[in-house]
Every structure is written in structure tokens, then in C-alpha cells.
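Reviewing the structure listed below.
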Amino acid sequence: MTSPRSLFIHRPWNLAGLLLSLAVVAAAAAEAAPRAFVRVSPRDARYLELSDGRPYVPVGLNLIAPNTRDSEGLARMDEWIGQLAANGGNFVRVWLSSPFWDVEHEKSGVYDEAKAARIDQLLRMAERRGVRVKLTLEHFREMSATPRQRWANKPLHLVAQGGTATNMADFFAGAASRARFTRKLEWFSERYGGEPAVFGWELWNEVNAVAASPSVFMPWTEVMLAELRRLFPRHLALQSLGSFDTASVRELYRRHSLLPGNDLAQAHRYLDLGASLEVCHGPVDVLAADAVRELLGFNPGKPVLLAESGAVEPRHSGPFKLYARDTQGTILHDVLFAPFFAGAAGAGQIWHWDVYVDRHRLWPHFGRFAEIVKDLDPPAERFEPMLLAHPRLRLYALKGRRTVLVWCRDSRNTWQSELEQGQAPETIEGLTLDLAALADNATLAAARFYDPWQQRWGSVKASGSALTLPPFARSLVLKAVRPEAAAR
């Protein structure tokens with residue numbers, strides 16, 4: 001490689017030559033610089049950062065596959081990732097087991113290089129835009145000649161078809177099946193183990209939905225998390241469970257969140273009128289924040305994320321019919337904001353990327369959340385999440401060492417009022433909030449507001465710990481500096 005110093009020796013000076021030389025030096029430095037990976041922050045294990053110490057707050061969504069088997073799918077993925085990145089997004093989740101990406105689709109243990117080339121291109125398009133990709137390895141739930149759900153069936157692993165297992169339980173517990181799955185991890189490791197665009201490796205989508213019991217798939221999870229740690233030491237190792245929509249899964253979620261080697265405590269939860277938990281029927285911000293608090297209550301000692309959310313017809317029988325009316329993206333807004341302000345390590349991650357987010361061109365919502373966190377260093381702040389009482393607003397607060405953040409959500413504006421009943425959001429005027437609990441009974445400094453619906457910042461009038469809010473509809477974010485931080 002050319003020495004940067006040699007570029008400036010014995011050459012006549014001219015502006016064009018100098019600019020060219022500087023460009024070459026910058027390119028050489030960029031090539032030599034180590035590329036950063038996502039990790040759990042050693043400064044505060046509830047948050048993430050990059051391996052070079054910069055904070056990393058995931059802002060993104062599930063972008064599972066382009067829903068096409070042809071090469072045009074890559075162009076579609078490129079468009080979606082481009083839209084996300086242009087609006088401040090830095091994270092997507094992809095299922096490598098979807099037909100578009102699945103390298104193991106012809107025969108168990110045989111990997112398709114053409115499908116792998118698609119994954120290569122996915123990571124390149126993500127990397128050049130600063131987006132990290134969570135790669136989910138499997139999602140099938142049964143291996144059957146007469147499946148209940150064709151999209152979740154993978155019979156090629158059956159012994160009768162050249163595989164290693166007689167049923168799902170045997171796939172998880174059998175020595176031959178475990179060895180073959182480990183070889184698949186090794187194959188991916190050789191190809192992608194050094195890719196900083198990879199956020200992490202998720203063993204399974206909603207592993208408790210498979211046709212096997214926890215006594216079978218949880219020991220398998222522990223073994224394979226250890227394999228992920230061995231084979232991908234620079235990537236996060238993950239596992240996921242199905243929707244947290246019934247009390248019966250609480251104990252499994254506790255066990256899952258506390259699993260050694262599972263780097264994140266992740267929840268899936270939706271607005272679902274068929275769910276047995278009443279919280280899943282109500283305001284989206286409430287159900288999203290509650291999922292995060294449930295996991296934080298287990299004291300996992302690791303970052304918490306709401307990794308799947310959105311709205312569905314009862315019992316996940318299809319996308320929510322009222323999505324058609326949500327052209328302003330109120331459901332997406334609540335999914336993004338509520339988890340972080342409840343103590344999660346990042347924005348909540350919506351599911352219906354195609355029939356909802358892209359159909360209504362809701363990509364700017366990611367930029368609205370990104371605007372709030374762009375200058376934040378959550379591990380340095382060591383935020384304490386709080387829910388403050390108010391007769392009209394739900395006040396989700398983060399009290400940090402230096403920064404105070406409050407997301408003010410109008411409690412009268414819900415999916416029922418706006419989407420089902422057709423009531424336009426009211427403009428709230430003349431409210432003053434006493435934030436003494438966040439200001440330690442002193443004056444908050446440099447108080448500002450951000451209106452995500454108007455996409456504008458402005459100053460807030462402060463009197464001691466009391467802040468006077470500007471007129472707003474649906475929601476508003478307050479940001480201020482704590483007194484002791486201002487004094488420094």
C-alpha cells in the first residue's frame with residue numbers, strides 16, 4: 001500500500017494535486033481503520049454500543065424478505081433499506097430461512113451458493129448505508145407431508161428425505177441433527193464471521209411455536225448459543241420467543257431472558273384483540289412499554305428490545321384491518337417511541353414492513369425517532385426510566401446523569417379513537433408540567449421540545465422544575481439538562 005507521507009514528497013504544489021493527495025490519504029486511512037461491530041456496552045449492560053466505543057441505538061424494523069423469489073427482490077430490498085437509512089435508520093432484521101435467502105433449500109446439509117450471493121449483496125447494501133442486519137437462521141415449526149402451515153414447514157430435514165431427524169423433537173435433541181446444524185453455523189461463520197454489517201445471529205424465530213416442548217428446544221438453545229459465541233465472537237448471539245400475549249408464557253420469557261449466552265432480552269408483542277392478556281387490546285404505547293417493563297422486571301442484566309410489534313387481526317390471523325386507515329402512522333409512532341422511553345436499548349421494531357410501512361410511505365417516522373437519539377450516549381447517561389402521573393398525558397421519562405427526556409403521549413388519542421371511531425387528534429394547549437422528580441427540585445436548563453408530527457424543535461419556558469408546553473397533538477418530546485450537569 002502507498003505510504004501516505006510519500007504522496008507529498010518531491011511534487012510541485014498545486015491545489016488540484018493537493019486535494020487529490022488528501023483524498024488518497026483519506027481513502028487509505030478509511031481502508032486501514034477497523035470496522036466497528038455492535039456489542040453490549042461495558043459501560044452500561046442495558047444498552048448497546050459499537051466496538052470503537054460510539055453509542056448505538058437500534059432504529060429500524062423487521063424487513064424479513066422481499067416476498068418474491070426472483071432477482072428483482074434485491075432491488076426491492078435496496079429500496080427499502082435506502083428509505084430507512086435516508087430517515088436515520090440503522091437496523092433491519094432478515095430471516096435467512098425465507099425462500100428468497102434460504103441456502104439450505106434443496107437438501108439438508110447442502111448450501112446454495114447462488115442464495116448465499118444474495119446474502120452477500122444484502123450485507124453490502126446495508127454496510128454502505130450504515131445499517132446493521134440481524135440474521136435469523138430458522139423459522140420452521142414442523143416437518144410434515146401434510147403441514148398445517150406451509151410457510152413454516154421444512155420436511156427436507158426428515159430422515160426419509162435425506163435429513164437427520166424423525167420429527168421436531170429429534171431435530172433439537174438428536175446428536176446427528178445437532179452436528180449438522182453446527183456445521184451450518186460453521187459454514188456461515190467462514191463466510192460472514194468478520195462482517196461488521198451483521199448485528200447478530202438469531203437461532204430461531206419464535207422457537208416456542210415449534211412442534212416440540214421447552215424441555216427439548218431450551219437445552220438445544222443453550223447449546224447453540226454457545227456455538228454462536230464460539231463461531232461468531234464479534235457478533236451478538238440471540239434467540240426469540242413468540243408473542244408475549246398470555247400469562248402462560250411469562251415464566252418461559254423469564255427463563256429465556258436470563259439464559260447465559262443470550263445477549264439480548266427480546267420480546268414480541270402485538271395489538272391483538274384475540275390475545276388473552278388485556279393489555280394487548282388497548283393503546284399501542286401502553287402494550288409496547290409494558291412488554292419492556294416485563295422483561296426489565298426479570299433483571300436480565302442485558303439490553304432489552306421490543307423486537308416484533310405492530311397490529312394483527314385476532315390471534316395473528318392477518319395484518320390489522322385498520323392499517324388501511326392509519327395513513328399517518330400512529331401505530332408505528334407508538335411502536336418506535338414507547339419501548340425506548342420505557343427503558344429499552346432502542347426503538348421498537350414493527351413487523352408489517354410491506355403492507356403497512358411501505359404502503360403508506362411511513363419511512364419518515366424512523367427519522368423522527370432518530371432525531372431524538374442522534375446526540376445521546378445512553379450508556380453514559382445510565383438512564384432511569386420513570387412513568388409520571390398526569391390527568392391527561394402518559395409521561396414516559398428517562399432521567400439520565402446529564403439529560404432528561406420526557407415523551408408526552410395524549411391518553412385520549414388511541415387507535416380506537418383515531419382509527420376505529422374516526423376522531424381527529426385534539427390540539428392540547430396551555431399545559432405546564434412539574435418535573436421536580438426529574439430535576440431534583442431544581443431548575444432544568446436548556447429545555448427544548450421536539451414535535452415529531454411537525455418535525456420541529458423549539459424552546460420551552462422553564463420556571464424551576466416546571467415546563468410550559470407548546471400546543472401539540474398526539475405526542476411531544478421534552479429534552480433538558482439536569483441541574484448538576486448544567487453546572488459542570
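Just so we're on the same page: first chain in the C-alpha cells is A, next is B, and so on; residues restart at 1 for each chain, and ligands are numbered from 1 in the order they show up.
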
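Close contacts of segment 440-452 of chain A, defined as residues with an atom at most 6 Å away when counting only C-alpha atoms, with chain neighbours fewer than 2 positions off set aside, comprise A:Arg368, A:Ala436, A:Ala437, A:Leu438, A:Gln454, A:Gln455, A:Arg456, A:Trp457, A:Gly458, A:Ser459, A:Val460, A:Gly464, A:Ser465, A:Leu476, A:Val477, A:Leu478, A:Lys479, A:Ala480, A:Val481, A:Arg482, A:Pro483.
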
### Message
I need the residues in segment 148-239 of chain A that are strand (DSSP E or B) according to DSSP; give them as number ranges by chain.
### Response
A: 153, 158, 165, 198-204, 236-238

Export of the given selection (N, CA and C atoms) as an mmCIF file, in the first residue's frame:
```cif
data_model
loop_
_atom_site.group_PDB
_atom_site.id
_atom_site.type_symbol
_atom_site.label_atom_id
_atom_site.label_comp_id
_atom_site.auth_asym_id
_atom_site.auth_seq_id
_atom_site.Cartn_x
_atom_site.Cartn_y
_atom_site.Cartn_z
ATOM 1 N N ASN A 153 -43.088 -25.033 7.298
ATOM 2 C CA ASN A 153 -42.799 -26.459 7.171
ATOM 3 C C ASN A 153 -41.472 -26.655 6.447
ATOM 4 N N LEU A 158 -36.167 -34.392 7.364
ATOM 5 C CA LEU A 158 -36.604 -35.733 7.753
ATOM 6 C C LEU A 158 -35.659 -36.792 7.192
ATOM 7 N N ALA A 165 -33.459 -36.155 11.064
ATOM 8 C CA ALA A 165 -34.432 -36.195 12.156
ATOM 9 C C ALA A 165 -35.697 -36.937 11.763
ATOM 10 N N VAL A 198 -23.212 -7.285 10.185
ATOM 11 C CA VAL A 198 -24.061 -8.232 10.914
ATOM 12 C C VAL A 198 -24.234 -7.744 12.345
ATOM 13 N N PHE A 199 -25.469 -7.469 12.729
ATOM 14 C CA PHE A 199 -25.812 -7.088 14.098
ATOM 15 C C PHE A 199 -25.643 -8.282 15.037
ATOM 16 N N GLY A 200 -26.194 -9.408 14.616
ATOM 17 C CA GLY A 200 -26.116 -10.613 15.429
ATOM 18 C C GLY A 200 -26.828 -11.758 14.734
ATOM 19 N N TRP A 201 -26.702 -12.929 15.331
ATOM 20 C CA TRP A 201 -27.290 -14.153 14.795
ATOM 21 C C TRP A 201 -28.375 -14.636 15.744
ATOM 22 N N GLU A 202 -29.581 -14.754 15.212
ATOM 23 C CA GLU A 202 -30.720 -15.236 15.992
ATOM 24 C C GLU A 202 -31.019 -16.672 15.566
ATOM 25 N N LEU A 203 -30.996 -17.582 16.523
ATOM 26 C CA LEU A 203 -31.127 -19.001 16.200
ATOM 27 C C LEU A 203 -32.446 -19.333 15.514
ATOM 28 N N TRP A 204 -33.549 -18.765 16.024
ATOM 29 C CA TRP A 204 -34.859 -19.197 15.559
ATOM 30 C C TRP A 204 -35.842 -18.051 15.724
ATOM 31 N N LEU A 236 -23.427 -10.497 18.143
ATOM 32 C CA LEU A 236 -24.345 -10.857 19.216
ATOM 33 C C LEU A 236 -24.971 -12.223 18.937
ATOM 34 N N ALA A 237 -25.249 -12.958 20.011
ATOM 35 C CA ALA A 237 -25.906 -14.264 19.929
ATOM 36 C C ALA A 237 -27.296 -14.144 20.537
ATOM 37 N N LEU A 238 -28.324 -14.605 19.798
ATOM 38 C CA LEU A 238 -29.702 -14.291 20.170
ATOM 39 C C LEU A 238 -30.637 -15.475 19.980
#
```

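All residues of protein, DNA or RNA that reach within 12 Å of Ser177 of chain A, judged by only C-alpha atoms and not counting those fewer than 2 positions away in the chain, are A:Ser108, A:Gly109, A:His157, A:Leu158, A:Val159, A:Gly162, A:Gly163, A:Thr164, A:Ala165, A:Thr166, A:Asn167, A:Met168, A:Ala169, A:Asp170, A:Phe171, A:Phe172, A:Ala173, A:Gly174, A:Ala175, A:Ala179, A:Arg180, A:Phe181, A:Thr182, A:Arg183, A:Lys184, A:Trp220, A:Met224.
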
### Non-local contacts of Pro378 of chain A (12 Å; only C-alpha atoms; under 4 positions in same chain excluded) as a PyMOL selection string
chain A and resi 40-49+53-58+303+340-341+343-346+372-374+382-385+398-405

### Point-to-point distance in Å for atom CA of Thr427 of chain A and atom CA of Ala473 of chain A
4.7 Å

### Task
Tell me, in Å to one decimal, how far atom CA of Gln161 of chain A is from atom CA of Arg141 of chain A.
17.1 Å

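Once Asp326 of chain A and its same-chain neighbours fewer than 5 positions away are set aside, A:Ile331, A:Tyr356, A:His360, A:Trp415, A:Glu418, A:Leu419 remain within 9 Å of it when counting only C-alpha atoms.
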
#### Entry: All residues 10 Å or closer to His365 of chain A, only C-alpha atoms, same chain fewer than 5 positions away omitted, as an MDAnalysis selection string
chainID A and resid 84 87:89 328:330 332:333 336:337 357 370:371 452:453 455

Could you write those residues out with C-alpha atoms, as a PDB file, in the first residue's frame?
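Listing of selection-v9.pdb after writing:
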```pdb
ATOM      1  CA  LEU A  84     -34.784   3.533   6.088  1.00  0.00           C
ATOM      2  CA  ASN A  87     -34.504   8.610   7.522  1.00  0.00           C
ATOM      3  CA  GLY A  88     -31.897   7.847  10.157  1.00  0.00           C
ATOM      4  CA  GLY A  89     -32.466   4.089  10.424  1.00  0.00           C
ATOM      5  CA  GLN A 328     -50.433   8.986   9.405  1.00  0.00           C
ATOM      6  CA  GLY A 329     -48.599   6.107  11.110  1.00  0.00           C
ATOM      7  CA  THR A 330     -49.863   6.452  14.679  1.00  0.00           C
ATOM      8  CA  LEU A 332     -45.776   2.877  14.025  1.00  0.00           C
ATOM      9  CA  HIS A 333     -45.063   6.015  16.050  1.00  0.00           C
ATOM     10  CA  LEU A 336     -40.986   3.196  17.874  1.00  0.00           C
ATOM     11  CA  PHE A 337     -41.106   5.570  20.835  1.00  0.00           C
ATOM     12  CA  VAL A 357     -44.910   0.883   6.442  1.00  0.00           C
ATOM     13  CA  ALA A 370     -33.618   9.119  15.218  1.00  0.00           C
ATOM     14  CA  GLU A 371     -33.771  12.884  15.737  1.00  0.00           C
ATOM     15  CA  PRO A 452     -42.437  14.621  15.902  1.00  0.00           C
ATOM     16  CA  TRP A 453     -45.651  15.338  13.990  1.00  0.00           C
ATOM     17  CA  GLN A 455     -40.800  17.670  12.826  1.00  0.00           C
TER      18      GLN A 455
END
```

### Task
Tell me which protein, DNA and RNA residues are within 9 Å of Arg35 of chain A, counting only C-alpha atoms, leaving out same-chain ones fewer than 3 positions away, and put them as a list in words.
Ser51, Asp52, Glu195 and Pro196 of chain A

Using only N, CA and C atoms, please write the residues we just selected to a file, as a PDB file, in the first residue's frame.
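Produced file again25.pdb, reproduced below:
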```pdb
ATOM      1  N   SER A  51     -17.984  -1.314  18.748  1.00  0.00           N
ATOM      2  CA  SER A  51     -16.730  -1.785  19.348  1.00  0.00           C
ATOM      3  C   SER A  51     -15.671  -0.694  19.431  1.00  0.00           C
ATOM      4  N   ASP A  52     -15.906   0.461  18.749  1.00  0.00           N
ATOM      5  CA  ASP A  52     -14.995   1.592  18.901  1.00  0.00           C
ATOM      6  C   ASP A  52     -15.466   2.559  19.981  1.00  0.00           C
ATOM      7  N   GLU A 195     -17.959  -9.919   9.342  1.00  0.00           N
ATOM      8  CA  GLU A 195     -18.778  -8.864   8.748  1.00  0.00           C
ATOM      9  C   GLU A 195     -19.332  -7.923   9.814  1.00  0.00           C
ATOM     10  N   PRO A 196     -18.894  -6.665   9.848  1.00  0.00           N
ATOM     11  CA  PRO A 196     -19.441  -5.725  10.834  1.00  0.00           C
ATOM     12  C   PRO A 196     -20.875  -5.306  10.526  1.00  0.00           C
TER      13      PRO A 196
END
```

### Task
Give the helix (DSSP H, G or I) residues of segment 125-306 of chain A, as assigned by DSSP on the backbone, as a PyMOL selection string.
chain A and resi 125-127+150-152+155-157+159-161+168-173+175-192+207-209+214-231+247-257+278-281+284-296

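For the choices A:Arg474, A:Ala380, A:Asn67, A:Lys115, the atom-to-atom distance to Ala424 of chain A is smallest for A:Arg474 when using only C-alpha atoms.
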